[in-house]
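Read through the structure below, which is laid out as structure tokens, and then see the notes.
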Amino acid sequence: MKTLGNIIWIITGGLVVSILWALCGLLFCITIVGIPLGVQCFKFAELSLSPFGKEVELGGGSVSTVANIFWLICCGIPMAVVNAVIGLLFYITII
């Protein structure tokens with residue numbers, strides 16, 4: 001069942017989201033300071049290709065909070081807009 005779910009996910013927008021995560025990873029890997037954020041973006045790109053059957057472990061601290069704020073400004077808001085547009089397109093097709 002998870003294989004079928006992953007296939008449906010990739011067809012219905014998971015590939016677009018994965019490509020966006022990979023582009024964000026490349027953007028962050030341009031600078032030495034951003035490489036840890038870029039590596040995490042690549043992990044999210046892999047996860048967004050096949051989310052069914054995976055487990056996510058949470059961790060972090062004060063450094064993670066600063067990194068999240070930096071990520072939100074650089075890539076988070078544009079990715080949220082793209083995801084909202086994809087969601088609206090799917091909503092329109094249901095109607």
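Here's how to read the names in the structure tokens: chain A, B, ... by the order shown, residue numbers from 1 in each chain, ligand numbers from 1 in the order shown.
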
Q) Just asking: which residues within chain A are alpha helix (DSSP H) according to DSSP, as a ChimeraX atom specification? A) /A:2-9,15-28,35-49,62-71,77-94

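Summary of the local environment: counting only C-alpha atoms, residues at most 12 Å from region 75-79 of chain A, other than itself and those fewer than 2 positions away along its chain, are A:Val16, A:Val17, A:Ser18, A:Ile19, A:Leu20, A:Trp21, A:Ala22, A:Leu23, A:Cys24, A:Gly25, A:Leu26, A:Leu27, A:Phe28, A:Leu37, A:Gly38, A:Cys41, A:Ala67, A:Asn68, A:Ile69, A:Phe70, A:Trp71, A:Leu72, A:Ile73, A:Val81, A:Val82, A:Asn83, A:Ala84, A:Val85, A:Ile86.
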
Save the residues we just selected, N, CA and C atoms, as a PDB file, in the first residue's frame?
ATOM      1  N   VAL A  16       7.220  17.879  -7.866  1.00  0.00           N
ATOM      2  CA  VAL A  16       7.436  19.330  -7.876  1.00  0.00           C
ATOM      3  C   VAL A  16       8.007  19.784  -6.536  1.00  0.00           C
ATOM      4  N   VAL A  17       7.444  19.272  -5.448  1.00  0.00           N
ATOM      5  CA  VAL A  17       7.911  19.638  -4.119  1.00  0.00           C
ATOM      6  C   VAL A  17       9.347  19.148  -3.905  1.00  0.00           C
ATOM      7  N   SER A  18       9.651  17.956  -4.375  1.00  0.00           N
ATOM      8  CA  SER A  18      10.999  17.418  -4.239  1.00  0.00           C
ATOM      9  C   SER A  18      12.013  18.259  -5.010  1.00  0.00           C
ATOM     10  N   ILE A  19      11.655  18.682  -6.202  1.00  0.00           N
ATOM     11  CA  ILE A  19      12.547  19.534  -6.991  1.00  0.00           C
ATOM     12  C   ILE A  19      12.776  20.869  -6.292  1.00  0.00           C
ATOM     13  N   LEU A  20      11.734  21.425  -5.692  1.00  0.00           N
ATOM     14  CA  LEU A  20      11.886  22.688  -4.961  1.00  0.00           C
ATOM     15  C   LEU A  20      12.826  22.534  -3.775  1.00  0.00           C
ATOM     16  N   TRP A  21      12.696  21.415  -3.034  1.00  0.00           N
ATOM     17  CA  TRP A  21      13.604  21.168  -1.912  1.00  0.00           C
ATOM     18  C   TRP A  21      15.043  21.047  -2.398  1.00  0.00           C
ATOM     19  N   ALA A  22      15.249  20.362  -3.533  1.00  0.00           N
ATOM     20  CA  ALA A  22      16.603  20.206  -4.068  1.00  0.00           C
ATOM     21  C   ALA A  22      17.174  21.559  -4.499  1.00  0.00           C
ATOM     22  N   LEU A  23      16.351  22.406  -5.104  1.00  0.00           N
ATOM     23  CA  LEU A  23      16.817  23.743  -5.491  1.00  0.00           C
ATOM     24  C   LEU A  23      17.180  24.586  -4.272  1.00  0.00           C
ATOM     25  N   CYS A  24      16.382  24.470  -3.211  1.00  0.00           N
ATOM     26  CA  CYS A  24      16.718  25.174  -1.975  1.00  0.00           C
ATOM     27  C   CYS A  24      18.037  24.648  -1.405  1.00  0.00           C
ATOM     28  N   GLY A  25      18.245  23.339  -1.487  1.00  0.00           N
ATOM     29  CA  GLY A  25      19.502  22.756  -1.028  1.00  0.00           C
ATOM     30  C   GLY A  25      20.686  23.289  -1.811  1.00  0.00           C
ATOM     31  N   LEU A  26      20.532  23.397  -3.125  1.00  0.00           N
ATOM     32  CA  LEU A  26      21.608  23.965  -3.938  1.00  0.00           C
ATOM     33  C   LEU A  26      21.865  25.423  -3.583  1.00  0.00           C
ATOM     34  N   LEU A  27      20.813  26.173  -3.326  1.00  0.00           N
ATOM     35  CA  LEU A  27      20.946  27.572  -2.946  1.00  0.00           C
ATOM     36  C   LEU A  27      21.743  27.714  -1.650  1.00  0.00           C
ATOM     37  N   PHE A  28      21.430  26.892  -0.672  1.00  0.00           N
ATOM     38  CA  PHE A  28      22.127  26.973   0.601  1.00  0.00           C
ATOM     39  C   PHE A  28      23.562  26.463   0.506  1.00  0.00           C
ATOM     40  N   LEU A  37      22.366  23.494   6.228  1.00  0.00           N
ATOM     41  CA  LEU A  37      20.967  23.681   5.825  1.00  0.00           C
ATOM     42  C   LEU A  37      20.705  23.024   4.476  1.00  0.00           C
ATOM     43  N   GLY A  38      21.666  23.115   3.565  1.00  0.00           N
ATOM     44  CA  GLY A  38      21.522  22.486   2.257  1.00  0.00           C
ATOM     45  C   GLY A  38      21.408  20.977   2.359  1.00  0.00           C
ATOM     46  N   CYS A  41      17.994  20.149   3.427  1.00  0.00           N
ATOM     47  CA  CYS A  41      17.049  20.318   2.322  1.00  0.00           C
ATOM     48  C   CYS A  41      17.080  19.114   1.394  1.00  0.00           C
ATOM     49  N   ALA A  67      18.555  28.681  12.495  1.00  0.00           N
ATOM     50  CA  ALA A  67      18.557  28.140  11.136  1.00  0.00           C
ATOM     51  C   ALA A  67      17.150  28.143  10.550  1.00  0.00           C
ATOM     52  N   ASN A  68      16.144  27.847  11.363  1.00  0.00           N
ATOM     53  CA  ASN A  68      14.763  27.863  10.879  1.00  0.00           C
ATOM     54  C   ASN A  68      14.330  29.261  10.467  1.00  0.00           C
ATOM     55  N   ILE A  69      14.732  30.262  11.199  1.00  0.00           N
ATOM     56  CA  ILE A  69      14.385  31.640  10.846  1.00  0.00           C
ATOM     57  C   ILE A  69      15.061  32.025   9.531  1.00  0.00           C
ATOM     58  N   PHE A  70      16.338  31.673   9.385  1.00  0.00           N
ATOM     59  CA  PHE A  70      17.072  31.964   8.150  1.00  0.00           C
ATOM     60  C   PHE A  70      16.437  31.243   6.968  1.00  0.00           C
ATOM     61  N   TRP A  71      16.066  29.976   7.164  1.00  0.00           N
ATOM     62  CA  TRP A  71      15.438  29.193   6.096  1.00  0.00           C
ATOM     63  C   TRP A  71      14.082  29.780   5.716  1.00  0.00           C
ATOM     64  N   LEU A  72      13.305  30.209   6.709  1.00  0.00           N
ATOM     65  CA  LEU A  72      11.984  30.774   6.440  1.00  0.00           C
ATOM     66  C   LEU A  72      12.077  31.985   5.531  1.00  0.00           C
ATOM     67  N   ILE A  73      13.048  32.835   5.798  1.00  0.00           N
ATOM     68  CA  ILE A  73      13.198  34.050   5.001  1.00  0.00           C
ATOM     69  C   ILE A  73      13.662  33.712   3.579  1.00  0.00           C
ATOM     70  N   VAL A  81       4.112  29.327  -0.759  1.00  0.00           N
ATOM     71  CA  VAL A  81       3.250  29.857  -1.817  1.00  0.00           C
ATOM     72  C   VAL A  81       3.052  28.813  -2.915  1.00  0.00           C
ATOM     73  N   VAL A  82       4.139  28.133  -3.321  1.00  0.00           N
ATOM     74  CA  VAL A  82       4.024  27.101  -4.362  1.00  0.00           C
ATOM     75  C   VAL A  82       3.126  25.966  -3.886  1.00  0.00           C
ATOM     76  N   ASN A  83       3.286  25.528  -2.641  1.00  0.00           N
ATOM     77  CA  ASN A  83       2.438  24.465  -2.111  1.00  0.00           C
ATOM     78  C   ASN A  83       0.981  24.898  -2.041  1.00  0.00           C
ATOM     79  N   ALA A  84       0.726  26.160  -1.706  1.00  0.00           N
ATOM     80  CA  ALA A  84      -0.651  26.656  -1.664  1.00  0.00           C
ATOM     81  C   ALA A  84      -1.261  26.679  -3.068  1.00  0.00           C
ATOM     82  N   VAL A  85      -0.465  27.064  -4.058  1.00  0.00           N
ATOM     83  CA  VAL A  85      -0.967  27.082  -5.439  1.00  0.00           C
ATOM     84  C   VAL A  85      -1.282  25.656  -5.902  1.00  0.00           C
ATOM     85  N   ILE A  86      -0.400  24.712  -5.601  1.00  0.00           N
ATOM     86  CA  ILE A  86      -0.659  23.316  -5.961  1.00  0.00           C
ATOM     87  C   ILE A  86      -1.931  22.822  -5.277  1.00  0.00           C
TER      88      ILE A  86
END

Can you pull out the residues contacting Gly53 (chain A)? Cut-off 10 Å, using only C-alpha atoms, and skip same-chain residues under 4 positions away; I want them as a PDB file with N, CA and C atoms, in the first residue's frame.
ATOM      1  N   MET A   1       0.820  -1.197   0.000  1.00  0.00           N
ATOM      2  CA  MET A   1       0.000   0.000   0.000  1.00  0.00           C
ATOM      3  C   MET A   1       0.861   1.258   0.000  1.00  0.00           C
ATOM      4  N   LYS A   2       2.020   1.215   0.720  1.00  0.00           N
ATOM      5  CA  LYS A   2       2.853   2.410   0.746  1.00  0.00           C
ATOM      6  C   LYS A   2       3.461   2.698  -0.627  1.00  0.00           C
ATOM      7  N   THR A   3       3.734   1.659  -1.412  1.00  0.00           N
ATOM      8  CA  THR A   3       4.259   1.868  -2.764  1.00  0.00           C
ATOM      9  C   THR A   3       3.229   2.577  -3.633  1.00  0.00           C
ATOM     10  N   GLY A   5       0.771   4.460  -2.563  1.00  0.00           N
ATOM     11  CA  GLY A   5       0.657   5.826  -2.038  1.00  0.00           C
ATOM     12  C   GLY A   5       1.788   6.717  -2.514  1.00  0.00           C
ATOM     13  N   ASN A   6       3.015   6.179  -2.545  1.00  0.00           N
ATOM     14  CA  ASN A   6       4.149   6.961  -3.025  1.00  0.00           C
ATOM     15  C   ASN A   6       4.031   7.284  -4.505  1.00  0.00           C
TER      16      ASN A   6
END

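Reported to one decimal place, the separation of CA of Gln40 (chain A) from CA of Ser64 (chain A) is 11.3 Å.
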